[in-house]
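Dropping target_37.tsv in here (TSV, C-alpha atoms):
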chain	number	residue	atom	x	y	z
A	1	MET	CA	148.40	139.36	24.68
A	2	SER	CA	151.91	138.60	23.85
A	3	SER	CA	152.37	137.20	20.42
A	4	GLY	CA	151.54	140.39	18.60
A	5	ALA	CA	148.75	141.41	16.31
A	6	GLU	CA	148.72	138.27	14.22
A	7	LEU	CA	146.77	136.40	16.97
A	8	THR	CA	143.09	137.05	17.58
A	9	SER	CA	141.71	136.64	21.10
A	10	GLN	CA	140.21	133.32	20.16
A	11	GLU	CA	143.49	132.01	18.78
A	12	TYR	CA	145.31	133.29	21.86
A	13	ILE	CA	142.95	131.47	24.23
A	14	THR	CA	142.95	128.28	22.18
A	15	HIS	CA	146.71	128.31	22.11
A	16	HIS	CA	146.92	128.72	25.89
A	17	LEU	CA	144.44	125.92	26.44
A	18	SER	CA	146.44	123.45	24.37
A	19	ASN	CA	148.65	120.99	26.17
A	20	LEU	CA	152.24	120.16	25.47
A	21	LYS	CA	151.59	116.82	23.87
A	22	VAL	CA	153.64	113.87	22.66
A	23	GLY	CA	152.27	110.85	20.81
A	24	GLU	CA	149.14	110.31	18.78
A	25	GLY	CA	145.51	109.72	19.76
A	26	PHE	CA	144.91	107.75	22.94
A	27	TRP	CA	148.59	106.91	23.32
A	28	SER	CA	149.63	110.52	23.72
A	29	LEU	CA	150.83	112.13	26.93
A	30	HIS	CA	150.28	115.68	28.19
A	31	LEU	CA	153.80	116.40	29.38
A	32	ASP	CA	152.90	119.72	30.98
A	33	SER	CA	149.92	118.46	33.05
A	34	LEU	CA	151.59	115.25	34.10
A	35	GLY	CA	154.95	116.92	34.66
A	36	TRP	CA	153.55	119.63	36.90
A	37	SER	CA	151.32	117.12	38.65
A	38	VAL	CA	154.20	114.78	39.47
A	39	PHE	CA	156.47	117.71	40.37
A	40	LEU	CA	153.91	119.15	42.79
A	41	GLY	CA	153.24	115.71	44.24
A	42	LEU	CA	156.97	115.37	44.86
A	43	VAL	CA	157.07	118.84	46.45
A	44	PHE	CA	154.31	117.73	48.82
A	45	LEU	CA	155.99	114.42	49.66
A	46	THR	CA	159.45	115.97	50.06
A	47	ILE	CA	158.27	118.60	52.52
A	48	PHE	CA	156.08	116.23	54.51
A	49	ARG	CA	158.66	113.44	54.47
A	50	SER	CA	161.38	115.78	55.74
A	51	VAL	CA	159.10	116.69	58.64
A	52	ALA	CA	158.09	113.07	59.21
A	53	LYS	CA	161.75	112.03	59.47
A	54	LYS	CA	162.46	114.59	62.17
A	55	ALA	CA	159.01	114.50	63.79
A	56	THR	CA	159.35	114.84	67.52
A	57	PRO	CA	156.64	114.56	70.14
A	58	GLY	CA	158.54	117.27	72.05
A	59	VAL	CA	158.57	120.93	71.12
A	60	PRO	CA	157.94	121.05	67.34
A	61	GLY	CA	159.74	123.35	64.92
A	62	LYS	CA	157.87	125.89	62.82
A	63	LEU	CA	157.67	123.71	59.70
A	64	GLN	CA	156.54	120.78	61.81
A	65	CYS	CA	153.84	123.01	63.34
A	66	ALA	CA	152.58	123.96	59.87
A	67	VAL	CA	152.61	120.37	58.63
A	68	GLU	CA	150.95	119.17	61.82
A	69	MET	CA	148.20	121.74	61.34
A	70	VAL	CA	147.40	120.25	57.90
A	71	VAL	CA	147.69	116.67	59.18
A	72	GLY	CA	145.51	117.48	62.19
A	73	PHE	CA	142.90	119.14	59.98
A	74	VAL	CA	142.75	116.12	57.64
A	75	ASP	CA	142.74	113.69	60.57
A	76	GLU	CA	139.80	115.53	62.14
A	77	SER	CA	137.88	115.56	58.85
A	78	VAL	CA	138.44	111.82	58.45
A	79	LYS	CA	137.50	110.99	62.03
A	80	SER	CA	134.31	113.06	61.91
A	81	THR	CA	133.06	111.18	58.83
A	82	PHE	CA	134.66	107.76	58.75
A	83	HIS	CA	134.16	105.69	61.89
A	84	GLY	CA	135.80	102.40	60.95
A	85	LYS	CA	139.43	101.38	61.26
A	86	ASN	CA	141.39	101.88	58.07
A	87	ALA	CA	145.05	102.79	57.77
A	88	LEU	CA	144.64	103.98	54.18
A	89	ILE	CA	141.91	106.60	54.30
A	90	ALA	CA	143.71	109.26	56.35
A	91	PRO	CA	146.97	109.29	54.31
A	92	LEU	CA	144.89	109.04	51.13
A	93	SER	CA	142.89	112.11	52.18
A	94	LEU	CA	146.07	113.99	53.10
A	95	THR	CA	147.63	113.22	49.71
A	96	ILE	CA	144.46	114.24	47.85
A	97	PHE	CA	144.01	117.46	49.81
A	98	VAL	CA	147.57	118.79	49.67
A	99	TRP	CA	148.29	117.58	46.15
A	100	ILE	CA	145.10	119.07	44.67
A	101	LEU	CA	145.67	122.26	46.65
A	102	LEU	CA	149.13	122.60	45.10
A	103	MET	CA	147.89	121.76	41.60
A	104	ASN	CA	145.02	124.24	41.91
A	105	SER	CA	147.46	126.89	43.14
A	106	MET	CA	149.13	126.81	39.72
A	107	ASP	CA	146.07	128.82	38.67
A	108	TRP	CA	147.70	131.83	40.34
A	109	VAL	CA	150.72	131.68	38.07
A	110	PRO	CA	150.12	134.42	35.46
A	111	VAL	CA	149.03	132.78	32.19
A	112	ASP	CA	151.85	134.22	30.08
A	113	LEU	CA	154.64	133.91	32.64
A	114	LEU	CA	155.78	130.37	31.90
A	115	PRO	CA	155.58	130.58	28.06
A	116	HIS	CA	157.57	133.82	28.13
A	117	LEU	CA	160.11	132.34	30.54
A	118	ILE	CA	160.59	129.37	28.20
A	119	HIS	CA	160.84	131.75	25.23
A	120	TRP	CA	163.44	133.83	27.06
A	121	VAL	CA	165.52	130.81	28.10
A	122	THR	CA	165.30	128.63	24.96
A	123	GLY	CA	164.57	131.18	22.27
A	124	MET	CA	161.72	129.06	20.87
A	125	PRO	CA	159.07	131.15	19.07
A	126	LEU	CA	156.11	131.83	21.37
A	127	GLY	CA	153.70	130.29	18.87
A	128	ASP	CA	155.42	126.89	19.27
A	129	ILE	CA	155.40	126.90	23.07
A	130	TYR	CA	152.56	124.95	24.63
A	131	MET	CA	152.44	125.13	28.39
A	132	LYS	CA	149.26	124.65	30.41
A	133	PRO	CA	150.54	124.60	33.97
A	134	VAL	CA	147.31	123.91	35.92
A	135	PRO	CA	147.10	120.10	36.06
A	136	THR	CA	143.59	120.09	37.53
A	137	ALA	CA	142.31	122.03	34.51
A	138	ASP	CA	143.14	118.92	32.49
A	139	PRO	CA	140.37	116.25	32.62
A	140	ASN	CA	143.00	113.50	32.41
A	141	ILE	CA	144.39	114.50	35.77
A	142	THR	CA	141.05	114.84	37.56
A	143	PHE	CA	139.73	111.62	36.03
A	144	GLY	CA	142.95	109.88	37.00
A	145	LEU	CA	142.40	110.87	40.60
A	146	ALA	CA	138.69	110.03	40.50
A	147	LEU	CA	139.40	106.66	38.93
A	148	GLY	CA	141.79	105.85	41.77
A	149	VAL	CA	139.10	106.72	44.28
A	150	PHE	CA	136.51	104.71	42.30
A	151	ILE	CA	138.72	101.62	42.34
A	152	LEU	CA	139.04	101.98	46.11
A	153	ILE	CA	135.23	102.33	46.47
A	154	ILE	CA	134.69	99.09	44.55
A	155	TYR	CA	137.54	97.35	46.40
A	156	TYR	CA	136.27	98.23	49.87
A	157	SER	CA	132.63	97.53	48.95
A	158	ILE	CA	133.58	94.01	47.95
A	159	LYS	CA	136.05	93.55	50.80
A	160	VAL	CA	133.57	94.60	53.50
A	161	LYS	CA	130.33	93.19	52.10
A	162	GLY	CA	131.58	90.39	49.85
A	163	VAL	CA	130.66	90.08	46.16
A	164	GLY	CA	127.15	88.84	47.09
A	165	GLY	CA	126.59	91.65	49.57
A	166	PHE	CA	127.77	94.23	47.06
A	167	MET	CA	125.47	92.85	44.33
A	168	LYS	CA	122.61	92.74	46.83
A	169	GLU	CA	123.19	96.40	47.63
A	170	LEU	CA	123.11	97.23	43.93
A	171	THR	CA	119.87	95.34	43.23
A	172	THR	CA	117.60	95.30	46.30
A	173	GLN	CA	117.14	99.01	46.75
A	174	PRO	CA	115.49	101.45	46.52
A	175	PHE	CA	112.54	99.22	45.42
A	176	GLY	CA	111.94	96.11	47.54
A	177	HIS	CA	110.01	93.99	45.01
A	178	TRP	CA	111.96	91.36	43.02
A	179	SER	CA	110.42	92.37	39.70
A	180	LEU	CA	111.98	95.79	40.02
A	181	TYR	CA	115.51	94.49	40.69
A	182	PRO	CA	116.73	95.27	37.13
A	183	VAL	CA	115.49	98.84	37.54
A	184	ASN	CA	117.27	99.03	40.88
A	185	PHE	CA	120.45	97.75	39.31
A	186	ILE	CA	120.37	100.41	36.62
A	187	LEU	CA	119.67	103.16	39.17
A	188	GLU	CA	122.37	102.02	41.57
A	189	THR	CA	124.92	101.58	38.80
A	190	VAL	CA	124.25	105.11	37.63
A	191	THR	CA	124.62	106.33	41.24
A	192	MET	CA	127.87	104.42	41.57
A	193	LEU	CA	129.28	105.77	38.30
A	194	ALA	CA	128.11	109.27	39.10
A	195	ARG	CA	130.48	109.40	42.06
A	196	PRO	CA	133.85	109.42	40.24
A	197	LEU	CA	132.30	111.36	37.39
A	198	SER	CA	131.07	114.14	39.66
A	199	LEU	CA	134.38	114.18	41.56
A	200	ALA	CA	136.40	114.57	38.38
A	201	LEU	CA	134.07	116.95	36.54
A	202	ARG	CA	133.53	119.27	39.50
A	203	LEU	CA	137.24	119.79	40.01
A	204	PHE	CA	138.00	120.01	36.30
A	205	GLY	CA	135.07	122.36	35.62
A	206	ASN	CA	135.96	124.80	38.37
A	207	LEU	CA	139.62	125.02	37.49
A	208	TYR	CA	139.08	125.01	33.72
A	209	ALA	CA	136.59	127.83	34.08
A	210	GLY	CA	138.96	129.73	36.35
A	211	GLU	CA	141.77	129.32	33.83
A	212	LEU	CA	139.50	130.39	30.97
A	213	ILE	CA	138.47	133.56	32.77
A	214	PHE	CA	142.13	134.35	33.52
A	215	LEU	CA	142.81	134.02	29.78
A	216	LEU	CA	139.84	136.23	28.89
A	217	ILE	CA	141.05	138.82	31.38
A	218	ALA	CA	144.49	138.67	29.76
A	219	THR	CA	142.96	139.77	26.43
A	220	ILE	CA	141.35	143.02	27.62
A	221	GLY	CA	144.45	145.19	27.59
A	222	VAL	CA	145.70	147.43	30.36
A	223	PHE	CA	142.60	147.07	32.54
A	224	GLN	CA	143.45	143.44	33.06
A	225	LEU	CA	145.59	144.24	36.11
A	226	PRO	CA	142.85	145.16	38.65
A	227	VAL	CA	140.45	142.61	37.16
A	228	HIS	CA	143.11	139.95	37.27
A	229	PHE	CA	143.78	140.82	40.91
A	230	LEU	CA	140.08	140.46	41.80
A	231	TRP	CA	139.78	137.11	40.03
A	232	ALA	CA	142.98	135.84	41.69
A	233	ALA	CA	141.65	136.96	45.08
A	234	PHE	CA	138.41	135.10	44.37
A	235	HIS	CA	140.52	131.99	43.80
A	236	LEU	CA	141.65	132.22	47.41
A	237	LEU	CA	138.22	130.67	48.03
A	238	VAL	CA	137.96	128.39	45.00
A	239	ILE	CA	141.34	126.68	45.25
A	240	PRO	CA	141.22	125.38	48.83
A	241	LEU	CA	137.47	124.77	48.62
A	242	GLN	CA	137.77	122.47	45.59
A	243	ALA	CA	140.65	120.58	47.23
A	244	PHE	CA	138.60	120.22	50.41
A	245	ILE	CA	135.46	119.07	48.54
A	246	PHE	CA	137.41	116.41	46.64
A	247	MET	CA	138.93	115.13	49.89
A	248	MET	CA	135.66	115.24	51.84
A	249	LEU	CA	133.67	113.42	49.12
A	250	THR	CA	136.39	110.78	48.89
A	251	ILE	CA	136.04	110.17	52.64
A	252	VAL	CA	132.24	110.07	52.38
A	253	TYR	CA	132.24	107.64	49.45
A	254	LEU	CA	134.73	105.35	51.16
A	255	SER	CA	132.79	105.42	54.40
A	256	LEU	CA	129.62	104.52	52.44
A	257	ALA	CA	131.56	101.63	50.90
A	258	HIS	CA	132.35	100.41	54.42
A	259	GLU	CA	128.74	100.57	55.60
A	260	ASP	CA	126.91	97.27	55.62
A	261	HIS	CA	123.16	97.56	55.21
B	262	MET	CA	138.02	116.86	26.12
B	263	ASP	CA	140.96	114.79	25.18
B	264	ILE	CA	141.31	111.64	27.28
B	265	ASN	CA	144.58	109.80	26.76
B	266	MET	CA	147.48	108.10	28.50
B	267	THR	CA	147.93	111.11	30.74
B	268	LEU	CA	145.06	109.67	32.79
B	269	VAL	CA	146.91	106.40	33.28
B	270	GLY	CA	150.09	108.25	34.17
B	271	GLN	CA	148.23	110.32	36.73
B	272	LEU	CA	146.61	107.17	38.16
B	273	ILE	CA	150.01	105.51	38.58
B	274	ALA	CA	151.47	108.64	40.20
B	275	PHE	CA	148.44	108.79	42.49
B	276	VAL	CA	148.87	105.19	43.62
B	277	VAL	CA	152.61	105.61	44.20
B	278	PHE	CA	152.20	108.88	46.11
B	279	VAL	CA	149.41	107.52	48.30
B	280	ILE	CA	151.40	104.40	49.15
B	281	PHE	CA	154.48	106.50	49.95
B	282	CYS	CA	152.38	108.83	52.10
B	283	MET	CA	150.78	105.88	53.89
B	284	LYS	CA	154.13	104.19	54.59
B	285	TYR	CA	156.55	107.03	55.28
B	286	VAL	CA	154.69	110.29	55.89
B	287	TRP	CA	151.45	109.79	57.78
B	288	PRO	CA	152.48	107.39	60.59
B	289	PRO	CA	155.46	109.38	61.99
B	290	ILE	CA	153.63	112.71	61.91
B	291	ILE	CA	150.36	111.51	63.43
B	292	GLY	CA	152.40	109.44	65.91
B	293	ALA	CA	154.28	112.56	67.03
B	294	ILE	CA	151.01	114.49	67.35
B	295	GLU	CA	149.34	111.77	69.38
B	296	ASP	CA	152.40	111.28	71.59
B	297	ARG	CA	152.46	114.99	72.31
B	298	GLN	CA	148.73	114.98	73.07
B	299	ALA	CA	149.30	112.16	75.55
B	300	THR	CA	152.24	114.02	77.11
B	301	ILE	CA	150.19	117.19	77.46
B	302	ALA	CA	147.27	115.27	78.99
B	303	ASP	CA	149.69	113.62	81.46
B	304	GLY	CA	151.21	117.00	82.26
B	305	LEU	CA	147.82	118.55	82.94
B	306	ALA	CA	146.82	115.66	85.17
B	307	ALA	CA	150.15	115.92	87.02
B	308	SER	CA	149.71	119.64	87.55
B	309	ASP	CA	146.21	119.01	88.93
B	310	ARG	CA	147.64	116.45	91.30
B	311	ALA	CA	150.44	118.81	92.30
B	312	ALA	CA	147.93	121.59	93.05
B	313	LYS	CA	145.98	119.20	95.27
B	314	ASP	CA	149.19	118.07	96.98
B	315	LEU	CA	150.16	121.68	97.55
B	316	GLU	CA	146.81	122.41	99.17
B	317	LEU	CA	147.19	119.39	101.43
B	318	ALA	CA	150.74	120.38	102.34
B	319	GLN	CA	149.62	123.91	103.16
B	320	GLU	CA	146.88	122.58	105.42
B	321	LYS	CA	149.37	120.29	107.11
B	322	ALA	CA	151.86	123.12	107.54
B	323	THR	CA	149.18	125.33	109.07
B	324	ALA	CA	148.21	122.59	111.51
B	325	GLN	CA	151.84	121.99	112.44
B	326	LEU	CA	152.39	125.70	112.94
B	327	LYS	CA	149.42	125.85	115.27
B	328	GLU	CA	150.68	122.87	117.25
B	329	ALA	CA	154.14	124.41	117.44
B	330	LYS	CA	152.66	127.63	118.81
B	331	VAL	CA	150.79	125.71	121.49
B	332	GLN	CA	153.93	123.81	122.40
B	333	ALA	CA	155.97	126.99	122.52
B	334	ALA	CA	153.40	128.59	124.79
B	335	SER	CA	153.49	125.62	127.16
B	336	ILE	CA	157.31	125.66	127.19
B	337	VAL	CA	157.32	129.36	128.01
B	338	ASP	CA	154.80	128.74	130.80
B	339	ALA	CA	156.93	125.99	132.29
B	340	ALA	CA	160.02	128.17	132.04
B	341	LYS	CA	158.23	130.98	133.83
B	342	LYS	CA	157.13	128.66	136.61
B	343	HIS	CA	160.63	127.30	136.94
B	344	GLU	CA	162.03	130.81	137.08
B	345	ALA	CA	159.58	131.80	139.76
B	346	LYS	CA	160.56	128.75	141.74
B	347	ILE	CA	164.28	129.55	141.46
B	348	VAL	CA	163.69	133.14	142.49
B	349	GLU	CA	161.64	131.97	145.46
B	350	GLU	CA	164.30	129.50	146.55
B	351	ALA	CA	167.02	132.11	146.21
B	352	ALA	CA	164.96	134.54	148.22
B	353	GLY	CA	164.46	131.91	150.95
B	354	LYS	CA	168.16	131.14	151.05
B	355	ALA	CA	169.01	134.82	151.22
B	356	GLN	CA	166.58	135.29	154.10
B	357	VAL	CA	168.15	132.45	156.00
B	358	GLU	CA	171.63	133.80	155.33
B	359	LYS	CA	170.55	137.24	156.38
B	360	GLU	CA	169.15	135.92	159.63
B	361	ARG	CA	172.29	133.93	160.27
B	362	ILE	CA	174.50	136.96	159.64
B	363	LEU	CA	172.26	139.09	161.83
B	364	ALA	CA	172.31	136.54	164.57
B	365	SER	CA	176.11	136.25	164.50
B	366	GLY	CA	176.38	140.04	164.48
B	367	HIS	CA	174.09	140.29	167.45
B	368	ALA	CA	176.08	137.67	169.28
B	369	GLU	CA	179.34	139.44	168.57
B	370	ILE	CA	177.90	142.72	169.67
B	371	GLU	CA	176.67	141.09	172.86
B	372	THR	CA	180.08	139.57	173.62
B	373	GLU	CA	181.79	142.87	172.93
B	374	ARG	CA	179.34	144.69	175.14
B	375	ASN	CA	179.81	142.21	177.95
B	376	ARG	CA	183.55	142.55	177.65
B	377	ALA	CA	183.31	146.30	177.72
B	378	LYS	CA	180.99	146.12	180.67
B	379	GLU	CA	183.49	143.93	182.50
B	380	GLU	CA	186.31	146.33	181.74
B	381	LEU	CA	184.18	149.20	182.77
B	382	ARG	CA	183.29	147.51	186.01
B	383	LYS	CA	186.95	146.85	186.72
B	384	GLU	CA	187.86	150.42	185.98
B	385	VAL	CA	184.94	151.64	188.09
B	386	ALA	CA	186.18	149.44	190.92
B	387	VAL	CA	189.65	150.92	190.59
B	388	LEU	CA	188.13	154.38	190.45
B	389	ALA	CA	185.91	153.65	193.40
B	390	ILE	CA	188.88	152.42	195.39
B	391	ALA	CA	190.86	155.46	194.39
B	392	GLY	CA	187.94	157.61	195.34
B	393	ALA	CA	187.50	155.90	198.68
B	394	GLU	CA	191.23	156.18	199.33
B	395	LYS	CA	190.95	159.86	198.68
B	396	ILE	CA	187.93	160.10	200.93
B	397	LEU	CA	189.55	158.24	203.76
B	398	GLU	CA	192.82	159.99	203.04
B	399	ARG	CA	194.65	156.95	203.98
B	400	SER	CA	195.49	153.77	202.36
B	401	ILE	CA	193.27	150.92	202.77
B	402	ASP	CA	194.58	147.48	202.67
B	403	ALA	CA	193.24	146.14	199.42
B	404	ALA	CA	193.55	142.59	200.50
B	405	VAL	CA	191.55	143.21	203.69
B	406	HIS	CA	188.82	145.04	202.02
B	407	SER	CA	188.68	143.10	198.84
B	408	ASP	CA	185.46	141.37	199.79
B	409	ILE	CA	183.82	144.76	200.18
B	410	LEU	CA	185.20	145.81	196.84
B	411	ASP	CA	184.08	142.68	195.15
B	412	LYS	CA	180.57	143.19	196.50
B	413	LEU	CA	180.70	146.70	195.18
B	414	VAL	CA	181.88	145.59	191.80
B	415	ALA	CA	179.08	143.03	191.62
B	416	GLU	CA	176.51	145.73	192.35
B	417	LEU	CA	177.69	147.97	189.59
Write out the structure in this file as structure tokens.
Amino acid sequence: MSSGAELTSQEYITHHLSNLKVGEGFWSLHLDSLGWSVFLGLVFLTIFRSVAKKATPGVPGKLQCAVEMVVGFVDESVKSTFHGKNALIAPLSLTIFVWILLMNSMDWVPVDLLPHLIHWVTGMPLGDIYMKPVPTADPNITFGLALGVFILIIYYSIKVKGVGGFMKELTTQPFGHWSLYPVNFILETVTMLARPLSLALRLFGNLYAGELIFLLIATIGVFQLPVHFLWAAFHLLVIPLQAFIFMMLTIVYLSLAHEDH
Amino acid sequence: MDINMTLVGQLIAFVVFVIFCMKYVWPPIIGAIEDRQATIADGLAASDRAAKDLELAQEKATAQLKEAKVQAASIVDAAKKHEAKIVEEAAGKAQVEKERILASGHAEIETERNRAKEELRKEVAVLAIAGAEKILERSIDAAVHSDILDKLVAEL
């Protein structure tokens, strides 16, 4: 609770859940979500690229060891699920895992820290500062990622099975009789659409809920400190788990797209 | 939920980041890892081979050591035999020498004794003549009686 007595808890939470927004309607941009997302993506790529440039098969440095641990973990996850040959899936999984991990980690930043920092530096009144620093608690970000994965699912389905093969897969199962093909098509389409939807909503839901609870905790006064600590410690599980689930499901969906029935 | 252009922005960033990762991040790192794995596998295989080689070399060394011991023993044996032979030869030579020296000593002694005997005989003859002269109390013509004296000398 920072802005004084004039804000009720509800107003405080609503304010903290509002994005820094430019533009109107559909043509608006969430500068905070997208900015943090791109910044964290660049952090990931900068660190990993600096290791990649100096990567030696000899004795590795400490940073290289750490990066290799992540790369090895992702590589193993990909190899245990996806058995084809595809140069895209492993780097895709690495990007998804590390990037989402970093974006989720923004949940640990105390909810009032960034607004107060901006207030302190720029002198803007706190009521005018909108800063929601957890990109994955913004459905635009999670749907953006899921849409990218969905496009790849469609692309590889058609590339591996052909348009005919893909349509056949959508219509001839689960029911074998021709009269039920329209029903099949509806069922399979729903299944297909459920994949990106579940990817995006699972990640968004978990992080949005986490953020909301952090905000609720911030409204309870001095007892927020131990409670906040417990909730942050609980996020030690949530944050990597959600990143891992997103990566793993991406691999599974893409390996299903490669399977020819 | 407020879906807007942020989604498109995120999608573009996603595509760009994945392509960058695929081109410039993943291949060098996974390449380094796989190279190192190959190197380690080679190293392990080499160390296995080296251990086997070492075992073989130890066996060979043991065998050679054994052979060397046998050879050394035979050389020592031969040397001992040779030594015995030399000692024997030297002993034989010494015996011969000893006998020769003894024999020459004996001969010398014999000659000396004979000479002494001769001298003694002569002196006895002189003494005998002197004694006979004394007994007869007159001089005897040595020339006349020399045959008697000679006979006497020969009997001594």
Residues of chain B near chain A: apply a cut-off of 9 Å, count all atoms listed in the file, and supply the list as a PyMOL selection string.
-> chain B and resi 262-276+278-298+300
Write out the residues from the selection above, keeping C-alpha atoms, as a PDB file, in the frame of the given file.
ATOM      1  CA  MET B 262     138.020 116.860  26.120  1.00  0.00           C
ATOM      2  CA  ASP B 263     140.960 114.790  25.180  1.00  0.00           C
ATOM      3  CA  ILE B 264     141.310 111.640  27.280  1.00  0.00           C
ATOM      4  CA  ASN B 265     144.580 109.800  26.760  1.00  0.00           C
ATOM      5  CA  MET B 266     147.480 108.100  28.500  1.00  0.00           C
ATOM      6  CA  THR B 267     147.930 111.110  30.740  1.00  0.00           C
ATOM      7  CA  LEU B 268     145.060 109.670  32.790  1.00  0.00           C
ATOM      8  CA  VAL B 269     146.910 106.400  33.280  1.00  0.00           C
ATOM      9  CA  GLY B 270     150.090 108.250  34.170  1.00  0.00           C
ATOM     10  CA  GLN B 271     148.230 110.320  36.730  1.00  0.00           C
ATOM     11  CA  LEU B 272     146.610 107.170  38.160  1.00  0.00           C
ATOM     12  CA  ILE B 273     150.010 105.510  38.580  1.00  0.00           C
ATOM     13  CA  ALA B 274     151.470 108.640  40.200  1.00  0.00           C
ATOM     14  CA  PHE B 275     148.440 108.790  42.490  1.00  0.00           C
ATOM     15  CA  VAL B 276     148.870 105.190  43.620  1.00  0.00           C
ATOM     16  CA  PHE B 278     152.200 108.880  46.110  1.00  0.00           C
ATOM     17  CA  VAL B 279     149.410 107.520  48.300  1.00  0.00           C
ATOM     18  CA  ILE B 280     151.400 104.400  49.150  1.00  0.00           C
ATOM     19  CA  PHE B 281     154.480 106.500  49.950  1.00  0.00           C
ATOM     20  CA  CYS B 282     152.380 108.830  52.100  1.00  0.00           C
ATOM     21  CA  MET B 283     150.780 105.880  53.890  1.00  0.00           C
ATOM     22  CA  LYS B 284     154.130 104.190  54.590  1.00  0.00           C
ATOM     23  CA  TYR B 285     156.550 107.030  55.280  1.00  0.00           C
ATOM     24  CA  VAL B 286     154.690 110.290  55.890  1.00  0.00           C
ATOM     25  CA  TRP B 287     151.450 109.790  57.780  1.00  0.00           C
ATOM     26  CA  PRO B 288     152.480 107.390  60.590  1.00  0.00           C
ATOM     27  CA  PRO B 289     155.460 109.380  61.990  1.00  0.00           C
ATOM     28  CA  ILE B 290     153.630 112.710  61.910  1.00  0.00           C
ATOM     29  CA  ILE B 291     150.360 111.510  63.430  1.00  0.00           C
ATOM     30  CA  GLY B 292     152.400 109.440  65.910  1.00  0.00           C
ATOM     31  CA  ALA B 293     154.280 112.560  67.030  1.00  0.00           C
ATOM     32  CA  ILE B 294     151.010 114.490  67.350  1.00  0.00           C
ATOM     33  CA  GLU B 295     149.340 111.770  69.380  1.00  0.00           C
ATOM     34  CA  ASP B 296     152.400 111.280  71.590  1.00  0.00           C
ATOM     35  CA  ARG B 297     152.460 114.990  72.310  1.00  0.00           C
ATOM     36  CA  GLN B 298     148.730 114.980  73.070  1.00  0.00           C
ATOM     37  CA  THR B 300     152.240 114.020  77.110  1.00  0.00           C
TER      38      THR B 300
END
Using CA of Ile239 (chain A) and CA of Tyr253 (chain A) as the two end points, give the distance in Å to one decimal.
->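 About the pair CA of Ile239 (chain A) and CA of Tyr253 (chain A): they are 21.5 Å apart.
Nearest to Leu20 (chain A) of all the residues A:Pro133, A:Pro110, A:Gly176, A:Gly123 is A:Pro133, based on all atoms listed in the file.
Each of A:Tyr208, A:Trp178, A:Trp120, A:Phe234 was checked against His16 (chain A) using only C-alpha atoms; the smallest atom-to-atom distance is that of A:Tyr208.
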Enclose region 75-78 of chain A, meaning all of its atoms listed in the file, in a box aligned along x, y and z, pad it by 5 Å on each side, and list the centre and edge lengths in Å to one decimal, as AutoDock Vina command-line options.
--center_x 140.3 --center_y 113.7 --center_z 60.3 --size_x 14.9 --size_y 13.7 --size_z 13.7
Find the distance between CA of Asp107 (chain A) and CA of Val222 (chain A) and write it in Å to one decimal.
->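 CA of Asp107 (chain A) sits 20.4 Å away from CA of Val222 (chain A).
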Selected residue, from A:Ile251, A:Ile153, A:Leu114, A:Ala137, that lies nearest to Ala209 (chain A) when counting all atoms listed in the file | A:Ala137
Give the answer as one residue: which of A:Lys159, A:Tyr130, A:Ala257, A:Ser9 has the shortest atom-to-atom distance to Val22 (chain A), using only C-alpha atoms?
-> A:Tyr130
Which is closer to Leu17 (chain A) than all the others in A:Lys85, A:His119, A:Lys132, A:Arg202, using only C-alpha atoms?
-> A:Lys132
Nearest to Ser18 (chain A) among A:Met124, A:Ile118, A:Leu212, A:Pro182, with distances taken over only C-alpha atoms: which residue is it?
-> A:Leu212
May I ask for the distance between CA of Phe166 (chain A) and CA of Asn86 (chain A), given in Å to one decimal place?
-> 19.1 Å
Counting only C-alpha atoms, what is within 10 Å of Leu410 (chain B), bar same-chain residues fewer than 5 positions away, as a PDB file with C-alpha atoms, keeping the file's coordinate frame?
ATOM      1  CA  ALA B 386     186.180 149.440 190.920  1.00  0.00           C
ATOM      2  CA  VAL B 387     189.650 150.920 190.590  1.00  0.00           C
ATOM      3  CA  ALA B 389     185.910 153.650 193.400  1.00  0.00           C
ATOM      4  CA  ILE B 390     188.880 152.420 195.390  1.00  0.00           C
ATOM      5  CA  ALA B 403     193.240 146.140 199.420  1.00  0.00           C
ATOM      6  CA  ALA B 404     193.550 142.590 200.500  1.00  0.00           C
ATOM      7  CA  VAL B 405     191.550 143.210 203.690  1.00  0.00           C
ATOM      8  CA  ALA B 415     179.080 143.030 191.620  1.00  0.00           C
ATOM      9  CA  GLU B 416     176.510 145.730 192.350  1.00  0.00           C
TER      10      GLU B 416
END
Output region 202-206 of chain A as a short mmCIF file (atom, residue, chain, number, x, y, z; two decimals), in the coordinates of the input, making sure N, CA and C atoms are there.
data_model
loop_
_atom_site.label_atom_id
_atom_site.label_comp_id
_atom_site.auth_asym_id
_atom_site.auth_seq_id
_atom_site.Cartn_x
_atom_site.Cartn_y
_atom_site.Cartn_z
N ARG A 202 133.64 118.07 38.66
CA ARG A 202 133.53 119.27 39.50
C ARG A 202 134.88 119.98 39.59
N LEU A 203 135.91 119.20 39.88
CA LEU A 203 137.24 119.79 40.01
C LEU A 203 137.70 120.37 38.68
N PHE A 204 137.57 119.56 37.63
CA PHE A 204 138.00 120.01 36.30
C PHE A 204 137.23 121.27 35.89
N GLY A 205 135.90 121.23 36.06
CA GLY A 205 135.07 122.36 35.62
C GLY A 205 135.45 123.64 36.32
N ASN A 206 135.63 123.59 37.62
CA ASN A 206 135.96 124.80 38.37
C ASN A 206 137.29 125.38 37.93
#
